[in-house]
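For reference, target20.txt is printed below; it contains compact mmCIF, C-alpha atoms.
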```txt
# COMPACT_ATOMS: atom_id res chain seq x y z
CA MET V 351 146.13 68.46 73.38
CA THR V 352 146.80 70.43 70.19
CA THR V 353 144.45 72.81 68.46
CA THR V 354 143.68 70.12 65.88
CA ASP V 355 142.96 67.22 68.26
CA PRO V 356 139.32 66.09 68.18
CA LEU V 357 137.64 65.81 71.58
CA LEU V 358 134.48 64.11 72.79
CA ALA V 359 132.25 66.66 74.48
CA LEU V 360 128.88 66.53 76.17
CA GLY V 361 126.68 69.61 76.10
CA LEU V 362 123.88 70.59 78.48
CA MET V 363 121.22 73.20 77.85
CA SER V 364 118.34 74.46 79.98
CA GLY V 365 116.36 76.79 77.74
CA THR V 366 114.14 79.77 78.43
CA SER V 367 111.04 77.67 77.74
CA LEU V 368 111.76 75.74 80.98
CA ASP V 369 110.97 72.43 79.28
CA GLY V 370 113.87 70.57 80.85
CA ILE V 371 117.46 69.60 80.22
CA ASP V 372 118.79 68.79 76.75
CA ALA V 373 121.97 66.71 76.71
CA ALA V 374 124.00 65.74 73.65
CA ILE V 375 127.38 64.33 72.67
CA VAL V 376 129.55 65.61 69.81
CA ARG V 377 133.05 64.96 68.54
CA THR V 378 134.82 68.05 67.26
CA ASP V 379 138.21 69.72 66.98
CA GLY V 380 136.54 73.01 67.83
CA VAL V 381 136.36 74.09 64.20
CA LYS V 382 134.93 71.23 62.18
CA LEU V 383 132.02 69.22 63.47
CA ILE V 384 133.25 65.64 63.14
CA ALA V 385 130.20 63.78 64.42
CA CYS V 386 127.02 64.24 66.43
CA GLY V 387 126.32 61.42 68.86
CA ALA V 388 123.54 60.44 71.22
CA ALA V 389 121.16 62.97 72.73
CA LEU V 390 118.18 63.09 75.06
CA THR V 391 115.87 65.46 76.90
CA VAL V 392 115.05 65.10 80.58
CA PRO V 393 111.94 67.13 81.56
CA TYR V 394 112.06 69.13 84.75
CA ASP V 395 109.72 67.95 87.45
CA ARG V 396 106.98 70.49 88.16
CA ASP V 397 108.42 71.61 91.48
CA LEU V 398 111.87 72.45 90.10
CA ARG V 399 110.34 74.13 87.04
CA ASP V 400 108.17 76.32 89.24
CA ARG V 401 111.10 77.20 91.49
CA LEU V 402 113.22 78.11 88.48
CA ARG V 403 110.40 80.27 87.10
CA GLY V 404 110.24 82.04 90.45
CA LEU V 405 113.86 83.18 90.05
CA LEU V 406 113.43 84.70 86.59
CA GLY V 407 114.33 88.36 86.45
CA ARG V 408 116.30 88.42 89.71
CA PRO V 409 119.60 90.29 89.32
CA PRO V 410 122.78 88.86 90.89
CA ALA V 411 122.44 91.22 93.86
CA ALA V 412 119.15 89.53 94.74
CA ALA V 413 120.80 86.14 95.33
CA SER V 414 119.24 84.35 98.28
CA ALA V 415 119.16 81.04 100.07
CA GLU V 416 116.42 80.00 97.66
CA THR V 417 118.63 80.86 94.68
CA GLU V 418 121.43 78.74 96.14
CA ALA V 419 119.06 75.84 96.82
CA VAL V 420 117.60 75.93 93.31
CA THR V 421 121.10 76.14 91.85
CA ARG V 422 122.20 73.01 93.73
CA ASP V 423 119.05 71.08 92.82
CA MET V 424 119.25 72.15 89.18
CA THR V 425 122.90 71.12 89.03
CA ARG V 426 122.03 67.71 90.49
CA ALA V 427 119.35 67.35 87.83
CA HIS V 428 121.96 68.08 85.14
CA ALA V 429 124.28 65.49 86.64
CA GLY V 430 121.41 63.02 86.43
CA ALA V 431 120.94 63.87 82.74
CA VAL V 432 124.66 63.25 82.14
CA ALA V 433 124.52 59.87 83.87
CA ARG V 434 121.44 58.85 81.92
CA LEU V 435 122.90 59.88 78.55
CA LEU V 436 126.16 58.02 79.22
CA GLU V 437 124.28 54.90 80.27
CA GLU V 438 121.79 54.91 77.41
CA SER V 439 124.47 55.60 74.80
CA GLY V 440 126.99 53.13 76.23
CA THR V 441 129.59 55.91 76.55
CA ALA V 442 132.25 55.49 79.23
CA ARG V 443 132.59 58.46 81.57
CA ASP V 444 136.36 58.50 81.02
CA ALA V 445 135.82 58.86 77.27
CA VAL V 446 134.24 62.31 77.68
CA ASP V 447 136.82 65.09 77.63
CA VAL V 448 134.58 67.94 78.75
CA ILE V 449 131.04 68.96 79.59
CA GLY V 450 129.69 72.25 78.29
CA PHE V 451 127.26 73.46 80.97
CA HIS V 452 125.17 76.47 80.02
CA GLY V 453 123.11 76.63 83.20
CA HIS V 454 119.78 78.45 83.24
CA THR V 455 119.47 82.14 82.40
CA ILE V 456 117.83 84.07 85.23
CA VAL V 457 118.43 87.57 83.94
CA HIS V 458 120.04 88.94 80.77
CA ARG V 459 120.47 92.71 80.54
CA PRO V 460 123.65 93.22 78.55
CA ARG V 461 123.15 96.98 78.23
CA GLU V 462 123.46 97.11 82.01
CA GLY V 463 126.43 94.73 81.94
CA ILE V 464 124.35 91.96 83.55
CA THR V 465 123.91 88.36 82.53
CA LEU V 466 123.34 85.55 85.02
CA GLN V 467 123.07 81.83 84.38
CA ILE V 468 122.63 79.78 87.53
CA GLY V 469 124.35 76.42 87.81
CA ASP V 470 127.38 75.27 89.77
CA GLY V 471 130.05 74.08 87.35
CA ALA V 472 132.46 72.99 90.09
CA PHE V 473 129.71 70.94 91.74
CA LEU V 474 128.78 69.37 88.40
CA ALA V 475 132.43 68.38 87.83
CA GLU V 476 132.45 66.81 91.28
CA LEU V 477 129.19 64.94 90.69
CA THR V 478 130.12 63.61 87.25
CA GLY V 479 133.88 63.19 87.51
CA ILE V 480 134.25 65.05 84.19
CA ASN V 481 135.84 68.45 83.53
CA VAL V 482 133.21 71.16 83.06
CA VAL V 483 133.22 74.47 81.18
CA ASP V 484 130.53 76.97 82.19
CA ASP V 485 130.03 80.76 82.26
CA PHE V 486 130.01 81.17 78.48
CA ARG V 487 128.45 84.64 78.35
CA SER V 488 129.98 86.93 80.96
CA ARG V 489 133.30 87.74 79.30
CA ASP V 490 131.52 88.85 76.14
CA VAL V 491 129.15 91.06 78.16
CA THR V 492 131.89 92.65 80.25
CA SER V 493 133.73 93.38 76.99
CA GLY V 494 130.75 95.29 75.60
CA GLY V 495 129.00 92.50 73.72
CA GLU V 496 125.43 91.28 73.96
CA GLY V 497 126.45 87.86 75.30
CA ALA V 498 123.91 86.24 72.99
CA PRO V 499 123.18 84.42 70.87
CA LEU V 500 125.94 81.87 71.48
CA ALA V 501 125.05 79.10 69.03
CA PRO V 502 125.93 80.86 65.72
CA LEU V 503 129.45 79.44 65.32
CA PHE V 504 128.01 75.97 65.84
CA HIS V 505 125.21 76.69 63.37
CA ALA V 506 127.83 77.73 60.83
CA ALA V 507 129.81 74.53 61.43
CA LEU V 508 126.63 72.48 60.92
CA VAL V 509 125.73 74.32 57.73
CA ARG V 510 129.20 73.88 56.28
CA SER V 511 129.42 70.21 57.27
CA SER V 512 126.07 69.60 55.57
CA LYS V 513 127.28 71.31 52.36
CA LEU V 514 124.07 73.32 52.00
CA ALA V 515 123.58 75.89 49.26
CA LEU V 516 124.27 79.31 50.77
CA PRO V 517 123.08 81.65 52.18
CA VAL V 518 121.10 79.75 54.84
CA ALA V 519 119.26 81.10 57.88
CA VAL V 520 119.08 78.91 61.00
CA LEU V 521 116.22 80.08 63.21
CA ASN V 522 116.10 78.85 66.79
CA ILE V 523 112.70 79.31 68.44
CA GLY V 524 112.92 78.69 72.15
CA GLY V 525 111.52 81.13 74.70
CA VAL V 526 113.39 83.80 72.72
CA ALA V 527 113.95 83.49 68.96
CA ASN V 528 117.39 83.99 67.45
CA VAL V 529 118.72 83.62 63.94
CA THR V 530 122.07 82.84 62.34
CA TRP V 531 122.61 83.85 58.72
CA VAL V 532 125.43 81.87 57.09
CA GLY V 533 126.69 83.12 53.75
CA VAL V 534 129.49 82.53 51.35
CA ASP V 535 132.91 83.82 52.34
CA GLY V 536 132.79 87.44 51.27
CA SER V 537 136.20 88.47 52.56
CA TYR V 538 137.57 89.03 49.05
CA ALA V 539 134.53 90.79 47.65
CA GLU V 540 134.89 94.36 46.41
CA VAL V 541 132.68 95.39 49.33
CA PRO V 542 133.53 92.78 51.99
CA GLN V 543 130.55 91.16 53.69
CA PRO V 544 130.63 88.98 56.79
CA ASP V 545 129.83 85.32 56.19
CA ILE V 546 127.93 85.07 59.48
CA VAL V 547 125.39 87.40 61.07
CA ALA V 548 123.39 86.59 64.19
CA PHE V 549 120.98 88.21 66.65
CA ASP V 550 117.82 87.71 68.66
CA THR V 551 114.77 88.54 66.57
CA GLY V 552 112.19 88.87 69.37
CA PRO V 553 110.06 86.56 71.47
CA GLY V 554 109.90 82.95 70.40
CA ASN V 555 107.57 80.75 72.40
CA ALA V 556 107.68 82.84 75.60
CA LEU V 557 104.88 85.26 74.78
CA ILE V 558 102.67 82.47 73.45
CA ASP V 559 103.41 80.22 76.43
CA ASP V 560 102.75 82.97 78.96
CA TRP V 561 99.42 83.81 77.31
CA VAL V 562 98.28 80.18 77.19
CA ARG V 563 99.36 79.64 80.81
CA ALA V 564 97.49 82.75 81.97
CA LYS V 565 94.29 82.07 80.02
CA MET V 566 94.12 78.28 79.79
CA GLY V 567 96.34 76.93 82.56
CA ARG V 568 98.45 75.05 80.02
CA SER V 569 102.20 75.22 79.61
CA PHE V 570 102.14 75.79 75.82
CA ASP V 571 99.94 75.82 72.72
CA ARG V 572 100.32 72.26 71.44
CA GLU V 573 100.90 72.34 67.67
CA GLY V 574 99.45 75.87 67.64
CA ALA V 575 95.90 74.55 67.92
CA LEU V 576 94.64 77.42 70.09
CA ALA V 577 96.13 80.03 67.75
CA ALA V 578 94.65 78.22 64.74
CA ALA V 579 91.18 78.65 66.25
CA GLY V 580 91.61 82.42 66.64
CA ARG V 581 92.03 85.53 64.51
CA VAL V 582 94.91 87.98 64.58
CA ASN V 583 93.94 91.29 66.18
CA ARG V 584 95.60 93.93 64.01
CA GLU V 585 95.54 96.68 66.64
CA ALA V 586 97.19 94.45 69.26
CA LEU V 587 99.72 93.33 66.67
CA ARG V 588 100.48 96.96 65.85
CA ARG V 589 101.11 97.68 69.54
CA LEU V 590 103.44 94.70 69.83
CA ARG V 591 105.37 95.80 66.75
CA HIS V 592 105.89 99.25 68.29
CA HIS V 593 108.43 97.79 70.74
CA PRO V 594 111.78 99.66 70.52
CA PHE V 595 113.77 96.40 70.34
CA LEU V 596 112.55 95.82 66.80
CA GLU V 597 113.97 99.16 65.70
CA ARG V 598 117.47 98.44 67.01
CA PRO V 599 120.01 97.28 64.44
CA PRO V 600 121.72 93.95 65.14
CA PRO V 601 123.65 92.51 66.82
CA LYS V 602 121.14 92.56 69.69
CA SER V 603 119.76 90.25 72.33
CA LEU V 604 116.76 89.94 74.62
CA ASP V 605 115.82 88.87 78.09
CA ARG V 606 112.96 86.38 78.12
CA ASP V 607 110.56 88.88 79.70
CA ASP V 608 111.41 92.00 77.67
CA PHE V 609 108.04 91.65 75.91
CA ASP V 610 104.85 91.38 77.95
CA LEU V 611 101.19 90.49 77.46
CA ALA V 612 99.73 93.99 77.97
CA PRO V 613 98.96 94.59 74.26
CA LEU V 614 96.82 91.41 74.26
CA ASP V 615 94.58 92.52 77.14
CA GLY V 616 90.89 91.97 76.42
CA LEU V 617 91.36 89.40 73.66
CA SER V 618 89.86 85.94 73.73
CA PRO V 619 92.26 83.07 74.47
CA GLU V 620 92.18 82.07 70.81
CA ASP V 621 92.69 85.56 69.38
CA GLY V 622 95.45 86.34 71.86
CA ALA V 623 97.30 83.15 70.91
CA ALA V 624 96.85 83.90 67.21
CA THR V 625 98.16 87.44 67.66
CA ALA V 626 101.17 86.42 69.75
CA THR V 627 102.02 83.74 67.19
CA ALA V 628 101.76 86.18 64.30
CA PHE V 629 103.98 88.63 66.15
CA THR V 630 106.75 86.06 66.67
CA ALA V 631 106.76 85.45 62.90
CA GLU V 632 106.63 89.16 62.00
CA ALA V 633 109.52 89.95 64.35
CA VAL V 634 111.62 87.37 62.47
CA ALA V 635 110.69 88.95 59.15
CA ILE V 636 111.62 92.41 60.44
CA GLY V 637 114.99 91.09 61.58
CA ALA V 638 115.62 89.43 58.21
CA ARG V 639 115.84 92.87 56.62
CA SER V 640 119.30 93.14 58.21
CA PHE V 641 120.78 90.18 56.32
CA PRO V 642 123.47 90.92 53.71
CA ALA V 643 121.47 88.81 51.22
CA PRO V 644 118.21 86.81 51.31
CA PRO V 645 118.72 83.21 52.47
CA ARG V 646 117.96 80.40 50.06
CA ARG V 647 116.16 78.58 52.84
CA TRP V 648 115.20 78.86 56.50
CA LEU V 649 115.87 75.95 58.84
CA VAL V 650 113.95 76.07 62.12
CA THR V 651 115.09 74.45 65.34
CA GLY V 652 113.87 74.58 68.93
CA GLY V 653 110.42 73.85 70.30
CA GLY V 654 108.75 76.38 68.03
CA ARG V 655 109.19 74.12 65.02
CA HIS V 656 106.47 71.88 66.46
CA ASN V 657 103.96 74.74 66.38
CA LEU V 658 102.23 74.23 63.04
CA THR V 659 100.47 77.60 63.15
CA LEU V 660 103.76 79.37 63.83
CA MET V 661 105.52 77.54 61.00
CA ALA V 662 102.74 78.56 58.60
CA ALA V 663 102.97 82.16 59.85
CA LEU V 664 106.72 82.15 59.22
CA LYS V 665 106.24 80.99 55.63
CA ASP V 666 103.74 83.78 55.05
CA ALA V 667 105.84 86.48 56.75
CA LEU V 668 109.13 85.48 55.12
CA GLY V 669 107.88 84.52 51.67
CA ALA V 670 110.60 81.87 51.54
CA GLU V 671 111.25 78.17 51.95
CA VAL V 672 110.86 77.34 55.65
CA GLY V 673 111.27 73.89 57.19
CA ALA V 674 112.38 72.09 60.31
CA VAL V 675 116.08 71.24 60.64
CA GLU V 676 115.20 67.54 60.43
CA GLU V 677 114.79 68.10 56.68
CA VAL V 678 118.59 68.24 56.41
CA GLY V 679 119.24 65.48 58.95
CA TRP V 680 119.79 67.59 62.09
CA ASP V 681 118.20 66.93 65.48
CA GLY V 682 116.26 70.03 66.48
CA ASP V 683 115.78 68.81 70.04
CA ALA V 684 119.53 68.42 70.54
CA LEU V 685 120.93 71.37 68.63
CA GLU V 686 121.46 73.79 71.52
CA ALA V 687 123.03 71.14 73.74
CA GLN V 688 125.29 70.18 70.84
CA ALA V 689 126.24 73.84 70.51
CA PHE V 690 127.48 74.03 74.10
CA ALA V 691 129.47 70.84 73.69
CA TYR V 692 131.11 72.45 70.64
CA LEU V 693 131.69 75.74 72.47
CA ALA V 694 133.24 73.93 75.44
CA VAL V 695 135.90 72.50 73.13
CA ARG V 696 136.50 75.92 71.59
CA SER V 697 136.87 77.34 75.10
CA LEU V 698 139.44 74.70 76.06
CA LYS V 699 141.47 75.55 72.97
CA GLY V 700 141.21 79.30 73.41
CA PHE V 701 139.16 79.81 70.24
CA PRO V 702 136.62 82.64 70.03
CA LEU V 703 133.06 81.89 71.11
CA THR V 704 131.60 85.18 69.86
CA LEU V 705 132.32 87.64 67.08
CA PRO V 706 131.51 91.28 66.36
CA ALA V 707 128.89 90.07 63.86
CA THR V 708 127.17 87.79 66.38
CA THR V 709 127.15 89.76 69.64
CA GLY V 710 128.57 93.17 68.77
CA VAL V 711 131.69 92.61 70.87
CA SER V 712 134.60 94.71 69.64
CA GLN V 713 136.79 91.76 68.65
CA PRO V 714 136.52 87.94 68.50
CA MET V 715 136.14 86.88 72.10
CA THR V 716 136.85 83.59 73.84
CA GLY V 717 135.21 82.75 77.14
CA GLY V 718 134.05 80.04 79.49
CA ARG V 719 135.45 78.90 82.82
CA LEU V 720 137.03 75.48 83.36
CA HIS V 721 136.28 73.40 86.45
CA ARG V 722 138.49 70.33 86.70
CA ALA V 723 137.12 67.12 88.17
CA THR V 724 139.36 66.44 91.14
CA LYS V 725 137.51 63.56 92.77
CA CYS V 726 135.40 60.61 91.81
CA PRO V 727 131.65 61.23 91.59
CA GLU V 728 129.55 60.28 94.60
```
As structure tokens:
Amino acid sequence: MTTTDPLLALGLMSGTSLDGIDAAIVRTDGVKLIACGAALTVPYDRDLRDRLRGLLGRPPAAASAETEAVTRDMTRAHAGAVARLLEESGTARDAVDVIGFHGHTIVHRPREGITLQIGDGAFLAELTGINVVDDFRSRDVTSGGEGAPLAPLFHAALVRSSKLALPVAVLNIGGVANVTWVGVDGSYAEVPQPDIVAFDTGPGNALIDDWVRAKMGRSFDREGALAAAGRVNREALRRLRHHPFLERPPPKSLDRDDFDLAPLDGLSPEDGAATATAFTAEAVAIGARSFPAPPRRWLVTGGGRHNLTLMAALKDALGAEVGAVEEVGWDGDALEAQAFAYLAVRSLKGFPLTLPATTGVSQPMTGGRLHRATKCPE
């Protein structure tokens, strides 16, 4: 394998929204995105989702028999997603060079040097018979970076392959929201500017989901209907905006539960949903002040793009063109899984996964851990 050889990679992502497993196939040389292939989402069954939720926030020192059991079961579920994607796409197992396995984030506190994604890469390689790269974040964190977001280099490759007018902002709204600003190459400008900037902006769907679950017993606000029926409470919104994270300059990253529901106490279900939704949009707008230049357009991926009330709030808060990534031919349900397929190839080739402008690490940093498949799958 040379640094220019294209590889076929399969990416797996289990996001902070706990929806399920996204799986996607890409062909790439680790720099250029050559082609995006088949993709699918496999929802978690309720039991595994609840068990995963029960682990959230536990530091590595709190590992237990339950953590190990959930890790094994979650890894088996990912192996099932791999098998299903290969079968449905007609892709031979031997044709796949590597799996990029993100695992599921249990705790992310980079300022304490902690980030933990559960998932057993060696076990996944054994189950699938395919080499696996996992542990994408820890080297960045131990080197002083935020360890997130990790998709920006893939976002930049997508933007460039689509030949979009620059600058462009790619906004991913999962449980946490993060943005990648992709600009023109400013390396020869009189005052050099980076051509990529990335950071977490604040909560994405997490605050909304937690509110709806607590007040309505639902897992999320479908299409933003509950928020659309309410009114934004300005005092609660002011309290949410007072969070110190919003005052930090990027690069920066969040744990899913860094924001809580306390400022929404006493509101009706509708008004609380409306306020949480407005806050997600306002946090994005606050973050956008850090861009080197205003983007020509915003492209939204992740589950949040299905929330019509949130999309309308983003347009109002940003005062710019905002649309789902499908407008430029991308698959918003597959994007994060595609990113980890792309990053797995970069890891194999020793290319950086993170940059000072994306995680605050001191220098471009590679990462990931390779687990070779040494036996046929069961």
V:Val446, V:Ala556, V:Leu405, V:Met424 ranked by distance to V:Ile371, top pick (using all atoms listed in the file):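 Selected residue with least distance to V:Ile371: V:Met424.
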Among listed residues V:Ile523, V:Ile480, V:Leu590, V:Ile558, nearest V:Gly365 (using only C-alpha atoms): V:Ile523
12 Å contact set for V:Asp615, all atoms listed in the file, chain neighbours under 4 positions out, as a PyMOL selection string: chain V and resi 561+564-565+583+585-587+589-590+610-611+619+621-623+625-626
Atom pair atom CA of V:Ile636 / atom CA of V:Leu596: separation (Å): 7.3 Å
Best match for closeness to V:Thr551 among V:Gly580, V:Gly718, V:Pro642, V:Pro499, counting only C-alpha atoms: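 Under the stated criterion, the closest residue is V:Pro499.
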With stretch 685-702 of chain V as the partner and 6 Å as the cut-off, tabulate the residues of stretch 467-540 of chain V that qualify, each row holding the nearest pair of atoms and their distance in Å to one decimal, using only C-alpha atoms, sorted by chain and rising number, as CSV.
```
residue,atom,partner,partner_atom,distance
V:Val483,CA,V:Ala694,CA,5.8
V:Ala501,CA,V:Ala689,CA,5.6
V:Phe504,CA,V:Ala689,CA,5.4
```
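Across V:Gly533, V:Gly387, V:Gly494, V:Gly567, the tightest approach to V:Ala507 is made by V:Gly533 when counting only C-alpha atoms.
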Interatomic distance (Å, one decimal) between atom CA of V:Val520 and atom CA of V:Leu649: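 About the pair atom CA of V:Val520 and atom CA of V:Leu649: they are 4.9 Å apart.
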Nearest to V:Ala631 by atom-to-atom distance, counting all atoms listed in the file, from V:Arg655, V:Arg722, V:Arg401, V:Arg572: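 Closest to V:Ala631 of all the choices is V:Arg655.
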Computed interatomic separation between atom CA of V:Arg461 and atom CA of V:Glu496 (Å): 7.5 Å
Among listed residues V:Pro601, V:Gly637, V:Gly361, V:Gly554, nearest V:Pro460 (using all atoms listed in the file):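 Using all atoms listed in the file, the shortest distance to V:Pro460 belongs to V:Pro601.
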Residue neighbourhood V:Thr421, 7 Å, only C-alpha atoms, exclusion window fewer than 3 positions, as JSON, numbers by chain: {"V": [417, 418, 424, 425, 468, 469, 470]}
Closest contacts (stretch 465-542 of chain V/stretch 707-711 of chain V, max 8 Å, all atoms listed in the file) as a Markdown table:
```
| residue | atom | partner | partner_atom | distance |
| --- | --- | --- | --- | --- |
| V:Asp490 | CA | V:Val711 | CA | 6.5 |
| V:Val491 | CA | V:Val711 | CA | 7.9 |
| V:Ser493 | CA | V:Val711 | CA | 6.5 |
| V:Gly494 | CA | V:Val711 | CA | 5.5 |
| V:Gly495 | CA | V:Val711 | CA | 3.9 |
| V:Glu496 | CA | V:Thr709 | CA | 4.9 |
| V:Gly497 | CA | V:Thr709 | CA | 6.0 |
| V:Ala498 | CA | V:Thr709 | CA | 5.8 |
| V:Pro499 | CA | V:Thr709 | CA | 6.8 |
| V:Leu500 | CA | V:Thr708 | CA | 7.9 |
| V:Pro502 | CA | V:Thr708 | CA | 7.1 |
```
Which residues, written as a PDB file with C-alpha atoms, keeping the file's coordinate frame, have at least one atom at most 12 Å from V:Arg399, with only C-alpha atoms counted and residues fewer than 6 positions away on the same chain left out?
```
ATOM      1  CA  SER V 364     118.340  74.460  79.980  1.00  0.00           C
ATOM      2  CA  GLY V 365     116.360  76.790  77.740  1.00  0.00           C
ATOM      3  CA  THR V 366     114.140  79.770  78.430  1.00  0.00           C
ATOM      4  CA  SER V 367     111.040  77.670  77.740  1.00  0.00           C
ATOM      5  CA  LEU V 368     111.760  75.740  80.980  1.00  0.00           C
ATOM      6  CA  ASP V 369     110.970  72.430  79.280  1.00  0.00           C
ATOM      7  CA  GLY V 370     113.870  70.570  80.850  1.00  0.00           C
ATOM      8  CA  ILE V 371     117.460  69.600  80.220  1.00  0.00           C
ATOM      9  CA  PRO V 393     111.940  67.130  81.560  1.00  0.00           C
ATOM     10  CA  LEU V 405     113.860  83.180  90.050  1.00  0.00           C
ATOM     11  CA  LEU V 406     113.430  84.700  86.590  1.00  0.00           C
ATOM     12  CA  VAL V 420     117.600  75.930  93.310  1.00  0.00           C
ATOM     13  CA  THR V 421     121.100  76.140  91.850  1.00  0.00           C
ATOM     14  CA  ASP V 423     119.050  71.080  92.820  1.00  0.00           C
ATOM     15  CA  MET V 424     119.250  72.150  89.180  1.00  0.00           C
ATOM     16  CA  ALA V 427     119.350  67.350  87.830  1.00  0.00           C
ATOM     17  CA  HIS V 454     119.780  78.450  83.240  1.00  0.00           C
ATOM     18  CA  SER V 569     102.200  75.220  79.610  1.00  0.00           C
TER      19      SER V 569
END
```
Exercise: V:Ala624 partners within 12 Å, only C-alpha atoms, chain neighbours under 2 positions left out, as number ranges by chain: V: 557-559, 561-562, 571, 574-584, 586-587, 614, 617-622, 626-631, 657-660, 662-663
